[in-house]
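Below is structure_2.csv, holding CSV, C-alpha atoms.
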chain,number,residue,atom,x,y,z
A,56,MET,CA,7.7,24.5,-11.6
A,57,PHE,CA,4.2,24.1,-13.1
A,58,GLU,CA,3.8,20.9,-11.2
A,59,LYS,CA,4.5,22.7,-7.9
A,60,LEU,CA,2.2,25.6,-8.7
A,61,LYS,CA,-0.5,23.1,-9.7
A,62,GLU,CA,-0.1,21.3,-6.5
A,63,MET,CA,-0.5,24.5,-4.5
A,64,PHE,CA,-3.7,25.5,-6.3
A,65,SER,CA,-5.3,22.1,-6.7
A,66,SER,CA,-7.8,21.2,-4.1
A,67,LYS,CA,-7.4,18.4,-1.7
A,68,ASP,CA,-10.8,16.9,-2.6
A,69,ASN,CA,-9.8,15.8,-6.1
A,70,SER,CA,-11.8,12.6,-6.6
A,71,LYS,CA,-8.5,10.7,-7.1
A,72,ASN,CA,-7.3,11.8,-3.7
A,73,ILE,CA,-10.5,10.5,-2.2
A,74,ALA,CA,-10.1,7.2,-4.1
A,75,LYS,CA,-6.5,6.9,-2.9
A,76,GLU,CA,-7.4,7.5,0.7
A,77,ARG,CA,-10.4,5.1,0.6
A,78,LEU,CA,-8.3,2.4,-1.0
A,79,GLN,CA,-5.5,2.8,1.5
A,80,LEU,CA,-8.0,2.4,4.3
A,81,VAL,CA,-9.8,-0.6,2.9
A,82,LEU,CA,-6.5,-2.3,2.2
A,83,VAL,CA,-5.4,-2.0,5.8
A,84,HIS,CA,-8.5,-4.1,6.6
A,85,ASP,CA,-8.1,-6.5,3.7
A,86,ARG,CA,-4.4,-7.1,4.5
A,87,SER,CA,-5.0,-7.7,8.2
A,88,ASP,CA,-4.3,-11.4,8.9
A,89,CYS,CA,-5.5,-11.6,12.5
A,90,SER,CA,-8.8,-12.6,14.1
A,91,PRO,CA,-11.1,-9.8,15.2
A,92,GLU,CA,-11.2,-11.2,18.7
A,93,LEU,CA,-7.5,-11.0,19.1
A,94,ILE,CA,-7.5,-7.4,17.7
A,95,ASN,CA,-10.2,-6.6,20.2
A,96,ARG,CA,-8.3,-7.9,23.2
A,97,ILE,CA,-5.2,-6.0,22.2
A,98,LYS,CA,-7.3,-2.9,21.7
A,99,GLN,CA,-8.9,-3.2,25.2
A,100,ASP,CA,-5.5,-3.7,26.8
A,101,ILE,CA,-3.9,-0.7,25.0
A,102,MET,CA,-6.9,1.4,25.9
A,103,ARG,CA,-6.8,0.5,29.6
A,104,THR,CA,-3.0,1.2,29.8
A,105,LEU,CA,-3.1,4.4,27.9
A,106,SER,CA,-6.1,5.7,29.9
A,107,GLU,CA,-3.9,5.8,33.0
A,108,TYR,CA,-1.8,8.5,31.4
A,109,VAL,CA,-3.9,10.4,28.9
A,110,ASP,CA,-7.5,11.0,28.1
A,111,ILE,CA,-8.1,9.1,24.9
A,112,ASN,CA,-11.0,9.3,22.5
A,113,GLU,CA,-12.4,5.7,22.7
A,114,SER,CA,-14.9,6.1,19.9
A,115,GLU,CA,-12.2,6.9,17.4
A,116,PHE,CA,-9.6,4.4,18.6
A,117,ASP,CA,-8.6,2.3,15.7
A,118,ILE,CA,-6.0,-0.5,15.5
A,119,GLU,CA,-5.2,-2.9,12.7
A,120,ILE,CA,-2.6,-5.5,12.0
A,121,THR,CA,-1.2,-5.3,8.5
A,122,ARG,CA,0.9,-7.6,6.4
A,123,ASP,CA,4.2,-6.1,5.5
A,124,LYS,CA,4.3,-5.6,1.8
A,125,LYS,CA,8.0,-5.6,1.5
A,126,LYS,CA,9.4,-8.4,-0.6
A,127,GLY,CA,10.7,-11.5,1.2
A,128,SER,CA,9.4,-10.4,4.6
A,129,GLU,CA,6.7,-12.1,6.5
A,130,LYS,CA,6.5,-9.3,9.1
A,131,SER,CA,3.2,-7.9,10.3
A,132,THR,CA,2.8,-4.4,11.7
A,133,LEU,CA,0.4,-3.1,14.3
A,134,VAL,CA,-1.0,0.2,13.1
A,135,ALA,CA,-2.9,2.2,15.7
A,136,ASN,CA,-4.7,5.5,15.5
A,137,ILE,CA,-5.5,6.8,18.9
A,138,PRO,CA,-6.8,10.3,19.2
A,139,ILE,CA,-6.1,12.0,22.4
A,140,ASN,CA,-8.7,14.3,23.9
A,141,LYS,CA,-6.5,15.8,26.6
A,142,LEU,CA,-2.9,15.3,27.6
A,143,GLU,CA,-2.9,14.9,31.4
A,144,ARG,CA,0.3,15.3,33.3
A,145,ILE,CA,1.4,12.3,35.3
A,146,ARG,CA,1.5,13.2,38.9
B,279,MET,CA,13.6,-23.2,-19.8
B,280,SER,CA,10.4,-21.5,-21.0
B,281,ASP,CA,9.3,-18.4,-19.0
B,282,VAL,CA,5.9,-19.3,-17.7
B,283,ILE,CA,3.9,-16.2,-16.9
B,284,VAL,CA,0.3,-16.1,-15.6
B,285,ILE,CA,-1.7,-13.0,-16.4
B,286,THR,CA,-4.2,-12.3,-13.7
B,287,SER,CA,-6.2,-9.6,-12.0
B,288,GLY,CA,-8.9,-10.8,-9.7
B,289,LYS,CA,-11.5,-8.5,-11.1
B,290,GLY,CA,-13.1,-9.2,-14.5
B,291,GLY,CA,-13.2,-6.8,-17.3
B,292,VAL,CA,-9.8,-5.1,-16.7
B,293,GLY,CA,-8.3,-6.5,-19.9
B,294,LYS,CA,-6.6,-9.7,-19.0
B,295,THR,CA,-7.4,-11.5,-22.2
B,296,THR,CA,-6.7,-8.5,-24.4
B,297,SER,CA,-3.4,-8.0,-22.6
B,298,THR,CA,-2.5,-11.7,-23.0
B,299,ALA,CA,-3.3,-11.6,-26.7
B,300,ASN,CA,-1.3,-8.4,-27.3
B,301,ILE,CA,1.7,-9.2,-25.1
B,302,GLY,CA,1.9,-12.6,-26.7
B,303,SER,CA,1.6,-11.2,-30.2
B,304,ALA,CA,4.2,-8.5,-29.4
B,305,LEU,CA,6.6,-11.1,-28.1
B,306,ALA,CA,6.1,-13.1,-31.3
B,307,LYS,CA,6.8,-10.0,-33.3
B,308,LEU,CA,10.0,-9.7,-31.4
B,309,GLY,CA,10.9,-13.1,-32.7
B,310,LYS,CA,10.1,-15.1,-29.6
B,311,LYS,CA,8.3,-18.4,-29.7
B,312,VAL,CA,5.2,-18.0,-27.7
B,313,VAL,CA,2.2,-20.1,-26.5
B,314,VAL,CA,-0.8,-18.3,-25.1
B,315,ILE,CA,-3.0,-20.6,-23.0
B,316,ASP,CA,-6.7,-19.7,-22.3
B,317,SER,CA,-7.4,-21.3,-18.9
B,318,ASP,CA,-10.9,-19.8,-18.6
B,319,ILE,CA,-12.9,-23.0,-19.0
B,320,GLY,CA,-16.5,-22.4,-20.0
B,321,LEU,CA,-15.8,-18.8,-20.9
B,322,ARG,CA,-13.4,-19.1,-23.7
B,323,ASN,CA,-12.4,-15.8,-25.2
B,324,LEU,CA,-8.7,-15.6,-26.1
B,325,ASP,CA,-9.6,-17.3,-29.4
B,326,VAL,CA,-12.0,-14.6,-30.6
B,327,VAL,CA,-9.7,-11.8,-29.5
B,328,LEU,CA,-6.9,-13.3,-31.6
B,329,GLY,CA,-9.3,-14.1,-34.5
B,330,LEU,CA,-8.6,-17.9,-34.2
B,331,GLU,CA,-12.1,-19.0,-33.2
B,332,ASN,CA,-12.8,-20.9,-36.5
B,333,ARG,CA,-9.7,-23.0,-36.3
B,334,ILE,CA,-10.2,-24.8,-33.0
B,335,VAL,CA,-10.2,-28.6,-33.2
B,336,PHE,CA,-8.9,-29.6,-29.8
B,337,ASP,CA,-8.9,-27.7,-26.5
B,338,ILE,CA,-7.2,-27.8,-23.1
B,339,VAL,CA,-9.6,-30.4,-21.7
B,340,ASP,CA,-8.8,-32.7,-24.6
B,341,VAL,CA,-5.2,-32.4,-23.6
B,342,THR,CA,-5.6,-33.0,-19.8
B,343,THR,CA,-7.9,-35.9,-20.4
B,344,GLY,CA,-5.5,-37.5,-22.8
B,345,ASN,CA,-7.6,-37.2,-25.9
B,346,CYS,CA,-4.7,-35.6,-27.8
B,347,SER,CA,-1.2,-34.3,-27.2
B,348,VAL,CA,-0.6,-30.7,-26.2
B,349,GLN,CA,1.3,-30.1,-29.4
B,350,LYS,CA,-1.6,-31.4,-31.5
B,351,ALA,CA,-4.0,-29.0,-29.7
B,352,LEU,CA,-1.9,-25.9,-30.4
B,353,ILE,CA,-3.3,-23.5,-33.1
B,354,LYS,CA,-0.7,-21.7,-35.1
B,355,ASP,CA,-1.4,-18.1,-35.7
B,356,ARG,CA,-1.4,-17.3,-39.5
B,357,ARG,CA,0.0,-13.7,-39.1
B,358,LEU,CA,2.7,-14.4,-36.6
B,359,GLU,CA,4.7,-17.5,-37.3
B,360,SER,CA,5.9,-18.1,-33.8
B,361,LEU,CA,2.6,-17.5,-31.9
B,362,PHE,CA,0.5,-20.5,-30.8
B,363,LEU,CA,-2.8,-20.7,-28.9
B,364,LEU,CA,-4.1,-23.4,-26.6
B,365,PRO,CA,-7.8,-22.7,-26.4
B,366,ALA,CA,-10.0,-23.3,-23.3
B,367,ALA,CA,-12.9,-25.8,-23.5
B,368,GLN,CA,-16.2,-24.0,-23.9
B,369,THR,CA,-18.7,-26.7,-23.0
B,370,LYS,CA,-16.9,-29.0,-20.6
B,371,ASP,CA,-16.9,-29.1,-16.9
B,372,LYS,CA,-14.8,-26.5,-15.1
B,373,GLU,CA,-13.5,-29.0,-12.6
B,374,SER,CA,-12.1,-31.2,-15.4
B,375,VAL,CA,-8.7,-29.5,-15.1
B,376,SER,CA,-6.6,-29.6,-11.9
B,377,PRO,CA,-3.5,-27.7,-10.9
B,378,ASP,CA,-1.5,-30.9,-11.4
B,379,ASP,CA,-2.9,-31.2,-14.9
B,380,MET,CA,-1.7,-27.7,-15.7
B,381,LYS,CA,1.8,-28.5,-14.4
B,382,LYS,CA,2.0,-31.6,-16.5
B,383,LEU,CA,0.7,-29.7,-19.6
B,384,VAL,CA,3.3,-27.0,-19.3
B,385,LYS,CA,6.0,-29.6,-18.7
B,386,ASP,CA,4.8,-31.4,-21.9
B,387,LEU,CA,5.2,-28.2,-23.9
B,388,GLY,CA,8.9,-28.7,-23.2
B,389,ASN,CA,11.7,-26.2,-23.7
B,390,GLU,CA,10.7,-25.4,-27.3
B,391,PHE,CA,9.0,-22.1,-26.4
B,392,ASP,CA,10.5,-18.9,-25.0
B,393,PHE,CA,7.3,-17.7,-23.3
B,394,ILE,CA,4.2,-19.5,-22.1
B,395,LEU,CA,1.5,-17.0,-21.2
B,396,ILE,CA,-1.5,-18.2,-19.2
B,397,ASP,CA,-4.6,-16.1,-19.3
B,398,CYS,CA,-6.3,-16.5,-15.9
B,399,PRO,CA,-10.0,-16.4,-15.4
B,400,ALA,CA,-11.5,-13.7,-13.1
B,401,GLY,CA,-11.9,-14.6,-9.4
B,402,ILE,CA,-9.8,-16.5,-6.9
B,403,GLU,CA,-11.4,-19.9,-7.1
B,404,HIS,CA,-10.6,-23.2,-9.0
B,405,GLY,CA,-9.7,-21.5,-12.3
B,406,PHE,CA,-7.3,-19.1,-10.6
B,407,ARG,CA,-5.5,-22.0,-8.8
B,408,ASN,CA,-5.2,-23.9,-12.1
B,409,ALA,CA,-3.8,-20.8,-13.9
B,410,ILE,CA,-1.1,-20.1,-11.3
B,411,ALA,CA,-0.1,-23.7,-10.7
B,412,ALA,CA,2.6,-23.9,-13.4
B,413,ALA,CA,3.6,-20.3,-13.5
B,414,ASN,CA,7.0,-19.0,-12.2
B,415,ARG,CA,6.1,-15.3,-12.8
B,416,ALA,CA,3.0,-13.2,-12.8
B,417,ILE,CA,1.7,-10.1,-14.5
B,418,VAL,CA,-1.1,-8.5,-12.5
B,419,ILE,CA,-3.4,-6.3,-14.6
B,420,THR,CA,-5.4,-3.5,-13.0
B,421,THR,CA,-7.2,-0.4,-14.1
B,422,PRO,CA,-7.3,3.0,-12.2
B,423,GLU,CA,-10.4,2.1,-10.3
B,424,VAL,CA,-10.8,1.4,-6.6
B,425,SER,CA,-12.4,-2.0,-7.2
B,426,ALA,CA,-9.7,-3.2,-9.6
B,427,VAL,CA,-6.9,-2.0,-7.4
B,428,ARG,CA,-8.4,-3.6,-4.4
B,429,ASP,CA,-8.7,-6.9,-6.2
B,430,ALA,CA,-5.2,-6.6,-7.5
B,431,ASP,CA,-4.0,-6.3,-4.0
B,432,ARG,CA,-5.8,-9.4,-2.9
B,433,ILE,CA,-4.3,-11.3,-5.9
B,434,ILE,CA,-0.8,-10.1,-5.2
B,435,GLY,CA,-1.2,-11.5,-1.6
B,436,LEU,CA,-2.5,-14.8,-3.0
B,437,LEU,CA,0.4,-15.1,-5.5
B,438,GLU,CA,2.9,-14.4,-2.7
B,439,THR,CA,1.3,-17.1,-0.6
B,440,ASN,CA,1.7,-19.5,-3.5
B,441,GLU,CA,5.3,-18.6,-3.8
B,442,ILE,CA,5.2,-16.7,-7.0
B,443,ASP,CA,7.5,-13.8,-6.1
B,444,ASP,CA,8.2,-12.3,-9.4
B,445,ILE,CA,5.1,-10.2,-9.7
B,446,LYS,CA,4.8,-7.2,-12.1
B,447,LEU,CA,2.0,-4.7,-12.6
B,448,VAL,CA,0.3,-3.5,-15.7
B,449,VAL,CA,-2.0,-0.5,-15.4
B,450,ASN,CA,-4.5,-0.7,-18.2
B,451,MET,CA,-7.1,1.6,-19.6
B,452,ILE,CA,-5.6,4.8,-18.2
B,453,LYS,CA,-7.5,8.0,-19.3
B,454,MET,CA,-4.7,10.6,-19.2
B,455,SER,CA,-7.1,13.6,-19.5
B,456,MET,CA,-8.8,12.4,-16.3
B,457,VAL,CA,-5.5,11.7,-14.5
B,458,GLN,CA,-4.2,15.2,-15.5
B,459,ARG,CA,-7.2,16.9,-13.9
B,460,GLY,CA,-7.0,14.8,-10.8
B,461,ASP,CA,-10.0,12.7,-11.3
B,462,MET,CA,-8.3,9.3,-11.9
B,463,LEU,CA,-5.6,7.5,-9.9
B,464,SER,CA,-2.2,7.9,-11.6
B,465,ILE,CA,0.3,5.2,-12.3
B,466,ASP,CA,2.3,6.4,-9.3
B,467,ASP,CA,-0.7,6.4,-7.0
B,468,ILE,CA,-1.4,2.7,-7.9
B,469,THR,CA,2.2,1.5,-7.6
B,470,ASP,CA,2.4,3.3,-4.3
B,471,ILE,CA,-0.7,1.6,-3.0
B,472,LEU,CA,0.2,-1.9,-4.3
B,473,ALA,CA,3.9,-1.8,-3.7
B,474,VAL,CA,4.9,-3.9,-6.7
B,475,ASN,CA,7.1,-3.0,-9.7
B,476,LEU,CA,5.5,-1.6,-12.8
B,477,LEU,CA,5.9,-3.5,-16.0
B,478,GLY,CA,3.9,-1.1,-18.1
B,479,ALA,CA,1.0,1.3,-18.5
B,480,VAL,CA,-1.5,1.1,-21.3
B,481,PRO,CA,-3.8,4.1,-22.2
B,482,ASP,CA,-7.5,3.6,-22.8
B,483,ASP,CA,-7.5,3.4,-26.6
B,484,GLU,CA,-10.2,3.1,-29.2
B,485,ALA,CA,-7.7,1.2,-31.3
B,486,VAL,CA,-8.0,-1.8,-28.9
B,487,VAL,CA,-11.7,-2.0,-29.5
B,488,ILE,CA,-11.4,-1.6,-33.3
B,489,SER,CA,-8.7,-4.3,-33.6
B,490,THR,CA,-10.5,-6.7,-31.3
B,491,ASN,CA,-13.7,-6.3,-33.4
B,492,ARG,CA,-11.6,-7.4,-36.4
B,493,GLY,CA,-10.0,-10.3,-34.4
B,494,GLU,CA,-6.5,-8.8,-34.7
B,495,PRO,CA,-4.1,-7.8,-32.0
B,496,VAL,CA,-3.7,-4.1,-31.6
B,497,VAL,CA,0.1,-4.5,-31.9
B,498,LYS,CA,-0.4,-5.6,-35.6
B,499,ASN,CA,-0.2,-1.9,-36.4
B,500,GLU,CA,2.4,-0.1,-34.3
B,501,ASP,CA,1.0,3.4,-34.7
B,502,SER,CA,-1.4,3.5,-31.8
B,503,MET,CA,-0.4,4.4,-28.2
B,504,SER,CA,-1.8,1.1,-26.8
B,505,ALA,CA,0.2,-0.9,-29.4
B,506,LYS,CA,3.4,1.0,-28.4
B,507,ALA,CA,2.7,0.3,-24.8
B,508,PHE,CA,2.2,-3.4,-25.3
B,509,ILE,CA,5.3,-3.7,-27.4
B,510,ASN,CA,7.3,-1.9,-24.7
B,511,ILE,CA,5.9,-4.4,-22.1
B,512,ALA,CA,7.0,-7.3,-24.3
B,513,ARG,CA,10.5,-5.8,-24.7
B,514,ARG,CA,10.7,-5.4,-20.9
B,515,LEU,CA,9.7,-9.1,-20.5
B,516,THR,CA,12.7,-10.1,-22.7
B,517,GLY,CA,14.9,-8.2,-20.3
B,518,GLU,CA,15.4,-5.0,-22.3
B,519,ASP,CA,15.4,-1.7,-20.4
B,520,VAL,CA,12.7,0.4,-22.0
B,521,PRO,CA,11.7,3.8,-20.5
B,522,LEU,CA,8.1,4.3,-19.7
B,523,LEU,CA,6.0,5.5,-22.6
B,524,ASP,CA,4.9,9.1,-22.3
B,525,ILE,CA,1.1,8.9,-22.6
B,526,SER,CA,0.3,12.3,-21.2
B,527,ILE,CA,-1.8,14.7,-23.2
B,528,LYS,CA,0.2,17.7,-24.2
B,529,GLU,CA,-1.1,21.1,-23.4
B,530,ASN,CA,0.1,24.5,-24.6
B,531,ILE,CA,1.3,27.1,-22.1
B,532,VAL,CA,-1.9,29.1,-22.0
B,533,GLU,CA,-3.9,26.0,-21.2
B,534,LYS,CA,-1.5,25.2,-18.4
B,535,VAL,CA,-1.8,28.6,-16.9
B,536,LEU,CA,-5.5,28.6,-17.1
B,537,LYS,CA,-5.7,25.2,-15.6
B,538,ILE,CA,-3.5,26.2,-12.6
B,539,PHE,CA,-6.0,29.0,-11.8
B,540,LYS,CA,-8.9,26.7,-12.5
B,541,LEU,CA,-10.2,28.9,-15.2
B,542,SER,CA,-10.6,26.0,-17.6
B,543,LYS,CA,-11.6,22.4,-17.2

Please, can you express the file's structure as structure tokens?
Amino acid sequence: MFEKLKEMFSSKDNSKNIAKERLQLVLVHDRSDCSPELINRIKQDIMRTLSEYVDINESEFDIEITRDKKKGSEKSTLVANIPINKLERIR
Amino acid sequence: MSDVIVITSGKGGVGKTTSTANIGSALAKLGKKVVVIDSDIGLRNLDVVLGLENRIVFDIVDVTTGNCSVQKALIKDRRLESLFLLPAAQTKDKESVSPDDMKKLVKDLGNEFDFILIDCPAGIEHGFRNAIAAANRAIVITTPEVSAVRDADRIIGLLETNEIDDIKLVVNMIKMSMVQRGDMLSIDDITDILAVNLLGAVPDDEAVVISTNRGEPVVKNEDSMSAKAFINIARRLTGEDVPLLDISIKENIVEKVLKIFKLSK
């Protein structure tokens, strides 16, 4: 019970939360095993396609390819963070 | 067959050598026959941590260059009957040992030993490749700092690429008071980020500094928290199921309530 209460009252900007978030971000980059040029081409293509449907925030568009950390798996995953400015209806 | 375990971290200063000395000593205390190998050529340290620096005659380069047999180069610990050290060379060229030399050396040690622990140098260069060459398991040491965790992640990736799949994590130098007030990454945070199994957690402990000053392993005296943690790690390595040591700092109920409402630090 104390743990839950503690969580409710503890602030989000604990320095360890900042550390964890920063680490997770930097590791996404570190674990990526694909050339920047390829990433950029994929990014351009996704952006072009998505722009036909929704208004996307190009400056904050972020994609990465990460190595799957699960044991015995060689899988890579595409992680994309694409903020949408306005959802436009398809006519 | 001997269990050949490399102890590595990427980053320097996280306690690889201290951990090797203490895990090795703890295993020997449990009755296992253990060799600890210092593979940090040019920056030899495992000998001073174990207090064996005055007894070195031959070193790892003498073995790989054929100057003497590996058995002859081993230094027997005086306190622990079943603990042996193979020291690194201090003055010889770093490049004088190759990964194949390491494989041969470990093979020449034969099946006489239960555990062969290899203390890896910091970094991911030549010394790292030598240290991992003969290992079939790895212990990655990290501390609750962003730099150490990041390097540990890189090391885990490199170990996997080199087909060492049995990788376990030791989180060293944890300051529980800082974890409890949310100012230090917790064990769970770190295992969450690195996605590897935890072998053990060692608190930041003055007893480690004091025993290292004396050239004794901290596990010599089992009273300190760090000694208990290292002994638990050794027991887990032998296959025993040991619950994680509670290293949290106990607070009374008033402190807990005050803390929740942020009235105390």

Here is a test: counting only C-alpha atoms, which residue of A:Asp110, A:Asp85, A:Glu115, A:Asp100 is nearest to chain B? A:Asp85

Using all atoms listed in the file, determine which residues of chain B fall within 9 Å of chain A; present them as a PyMOL selection string. chain B and resi 423-425+427-428+431-432+435+443+457+459-464+467-468+471-474+534-535+537-540

Selected residues written out with C-alpha atoms, as an mmCIF file, in the frame of the given file:
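selection.cif, freshly written:
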data_model
loop_
_atom_site.group_PDB
_atom_site.id
_atom_site.type_symbol
_atom_site.label_atom_id
_atom_site.label_comp_id
_atom_site.auth_asym_id
_atom_site.auth_seq_id
_atom_site.Cartn_x
_atom_site.Cartn_y
_atom_site.Cartn_z
ATOM 1 C CA GLU B 423 -10.400 2.100 -10.300
ATOM 2 C CA VAL B 424 -10.800 1.400 -6.600
ATOM 3 C CA SER B 425 -12.400 -2.000 -7.200
ATOM 4 C CA VAL B 427 -6.900 -2.000 -7.400
ATOM 5 C CA ARG B 428 -8.400 -3.600 -4.400
ATOM 6 C CA ASP B 431 -4.000 -6.300 -4.000
ATOM 7 C CA ARG B 432 -5.800 -9.400 -2.900
ATOM 8 C CA GLY B 435 -1.200 -11.500 -1.600
ATOM 9 C CA ASP B 443 7.500 -13.800 -6.100
ATOM 10 C CA VAL B 457 -5.500 11.700 -14.500
ATOM 11 C CA ARG B 459 -7.200 16.900 -13.900
ATOM 12 C CA GLY B 460 -7.000 14.800 -10.800
ATOM 13 C CA ASP B 461 -10.000 12.700 -11.300
ATOM 14 C CA MET B 462 -8.300 9.300 -11.900
ATOM 15 C CA LEU B 463 -5.600 7.500 -9.900
ATOM 16 C CA SER B 464 -2.200 7.900 -11.600
ATOM 17 C CA ASP B 467 -0.700 6.400 -7.000
ATOM 18 C CA ILE B 468 -1.400 2.700 -7.900
ATOM 19 C CA ILE B 471 -0.700 1.600 -3.000
ATOM 20 C CA LEU B 472 0.200 -1.900 -4.300
ATOM 21 C CA ALA B 473 3.900 -1.800 -3.700
ATOM 22 C CA VAL B 474 4.900 -3.900 -6.700
ATOM 23 C CA LYS B 534 -1.500 25.200 -18.400
ATOM 24 C CA VAL B 535 -1.800 28.600 -16.900
ATOM 25 C CA LYS B 537 -5.700 25.200 -15.600
ATOM 26 C CA ILE B 538 -3.500 26.200 -12.600
ATOM 27 C CA PHE B 539 -6.000 29.000 -11.800
ATOM 28 C CA LYS B 540 -8.900 26.700 -12.500
#

Which residue, B:Ile442, B:Cys346, B:Leu523, B:Val375, has the smallest gap to Ile410 of chain B when you use only C-alpha atoms?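 Counting only C-alpha atoms, the residue closest to Ile410 of chain B is B:Ile442.
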
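Between Cys398 of chain B and the residues B:Ser280, B:Thr420, B:Ser317, B:Asn300, the shortest atom-to-atom distance, using only C-alpha atoms, involves B:Ser317.
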
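In this comparison, which uses all atoms listed in the file, the residue of B:Ile488, B:Val292, B:Ile315, B:Ala306 approaching Ile396 of chain B most closely is B:Ile315.
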
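Note that atom CA of Lys311 of chain B and atom CA of Leu447 of chain B are 22.8 Å apart.
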
Close residues, Gly290 of chain B itself excluded, 12 Å, all atoms listed in the file, min 6 positions apart in chain, as a VMD selection string: chain B and resid 296 318 321 397 to 402 419 to 421 425 to 427 429 to 430

Convert the current residue selection to file output with C-alpha atoms, as a PDB file, in the coordinates of the input.
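The resulting again_35.pdb:
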ATOM      1  CA  THR B 296      -6.700  -8.500 -24.400  1.00  0.00           C
ATOM      2  CA  ASP B 318     -10.900 -19.800 -18.600  1.00  0.00           C
ATOM      3  CA  LEU B 321     -15.800 -18.800 -20.900  1.00  0.00           C
ATOM      4  CA  ASP B 397      -4.600 -16.100 -19.300  1.00  0.00           C
ATOM      5  CA  CYS B 398      -6.300 -16.500 -15.900  1.00  0.00           C
ATOM      6  CA  PRO B 399     -10.000 -16.400 -15.400  1.00  0.00           C
ATOM      7  CA  ALA B 400     -11.500 -13.700 -13.100  1.00  0.00           C
ATOM      8  CA  GLY B 401     -11.900 -14.600  -9.400  1.00  0.00           C
ATOM      9  CA  ILE B 402      -9.800 -16.500  -6.900  1.00  0.00           C
ATOM     10  CA  ILE B 419      -3.400  -6.300 -14.600  1.00  0.00           C
ATOM     11  CA  THR B 420      -5.400  -3.500 -13.000  1.00  0.00           C
ATOM     12  CA  THR B 421      -7.200  -0.400 -14.100  1.00  0.00           C
ATOM     13  CA  SER B 425     -12.400  -2.000  -7.200  1.00  0.00           C
ATOM     14  CA  ALA B 426      -9.700  -3.200  -9.600  1.00  0.00           C
ATOM     15  CA  VAL B 427      -6.900  -2.000  -7.400  1.00  0.00           C
ATOM     16  CA  ASP B 429      -8.700  -6.900  -6.200  1.00  0.00           C
ATOM     17  CA  ALA B 430      -5.200  -6.600  -7.500  1.00  0.00           C
TER      18      ALA B 430
END

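Reported to one decimal place, the separation of atom CA of Leu363 of chain B from atom CA of Gly288 of chain B is 22.4 Å.
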
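One finds atom CA of Lys307 of chain B at 28.5 Å from atom CA of Pro422 of chain B.
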
May I have the residues within 8 Å of segment 490-498 of chain B as a list of chain:residue names, using all atoms listed in the file and disregarding those fewer than 2 positions away in the same chain? B:Ala299, B:Asn300, B:Ser303, B:Ala304, B:Val326, B:Val327, B:Leu328, B:Gly329, B:Leu330, B:Ala485, B:Val486, B:Val487, B:Ile488, B:Glu500, B:Ser502, B:Ser504, B:Ala505, B:Lys506, B:Phe508, B:Ile509

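For Met380 of chain B, the non-local neighbours within 7 Å, defined as residues at least 2 positions apart in the same chain or in other chains and counting all atoms listed in the file, are Ser376, Pro377, Asp378, Lys382, Leu383, Val384, Asn408, Ala411 and Ala412 of chain B.
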
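When only C-alpha atoms are used to measure the gap to Ile101 of chain A, the shortest distance among A:Thr121, A:Ser131, A:Ser87, A:Asn136 belongs to A:Asn136.
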
With all atoms listed in the file as the counted atoms, please give the residues lying no more than 9 Å from segment 515-522 of chain B, apart from itself and same-chain residues fewer than 6 positions off, as a PyMOL selection string. chain B and resi 305+310+477-479+507
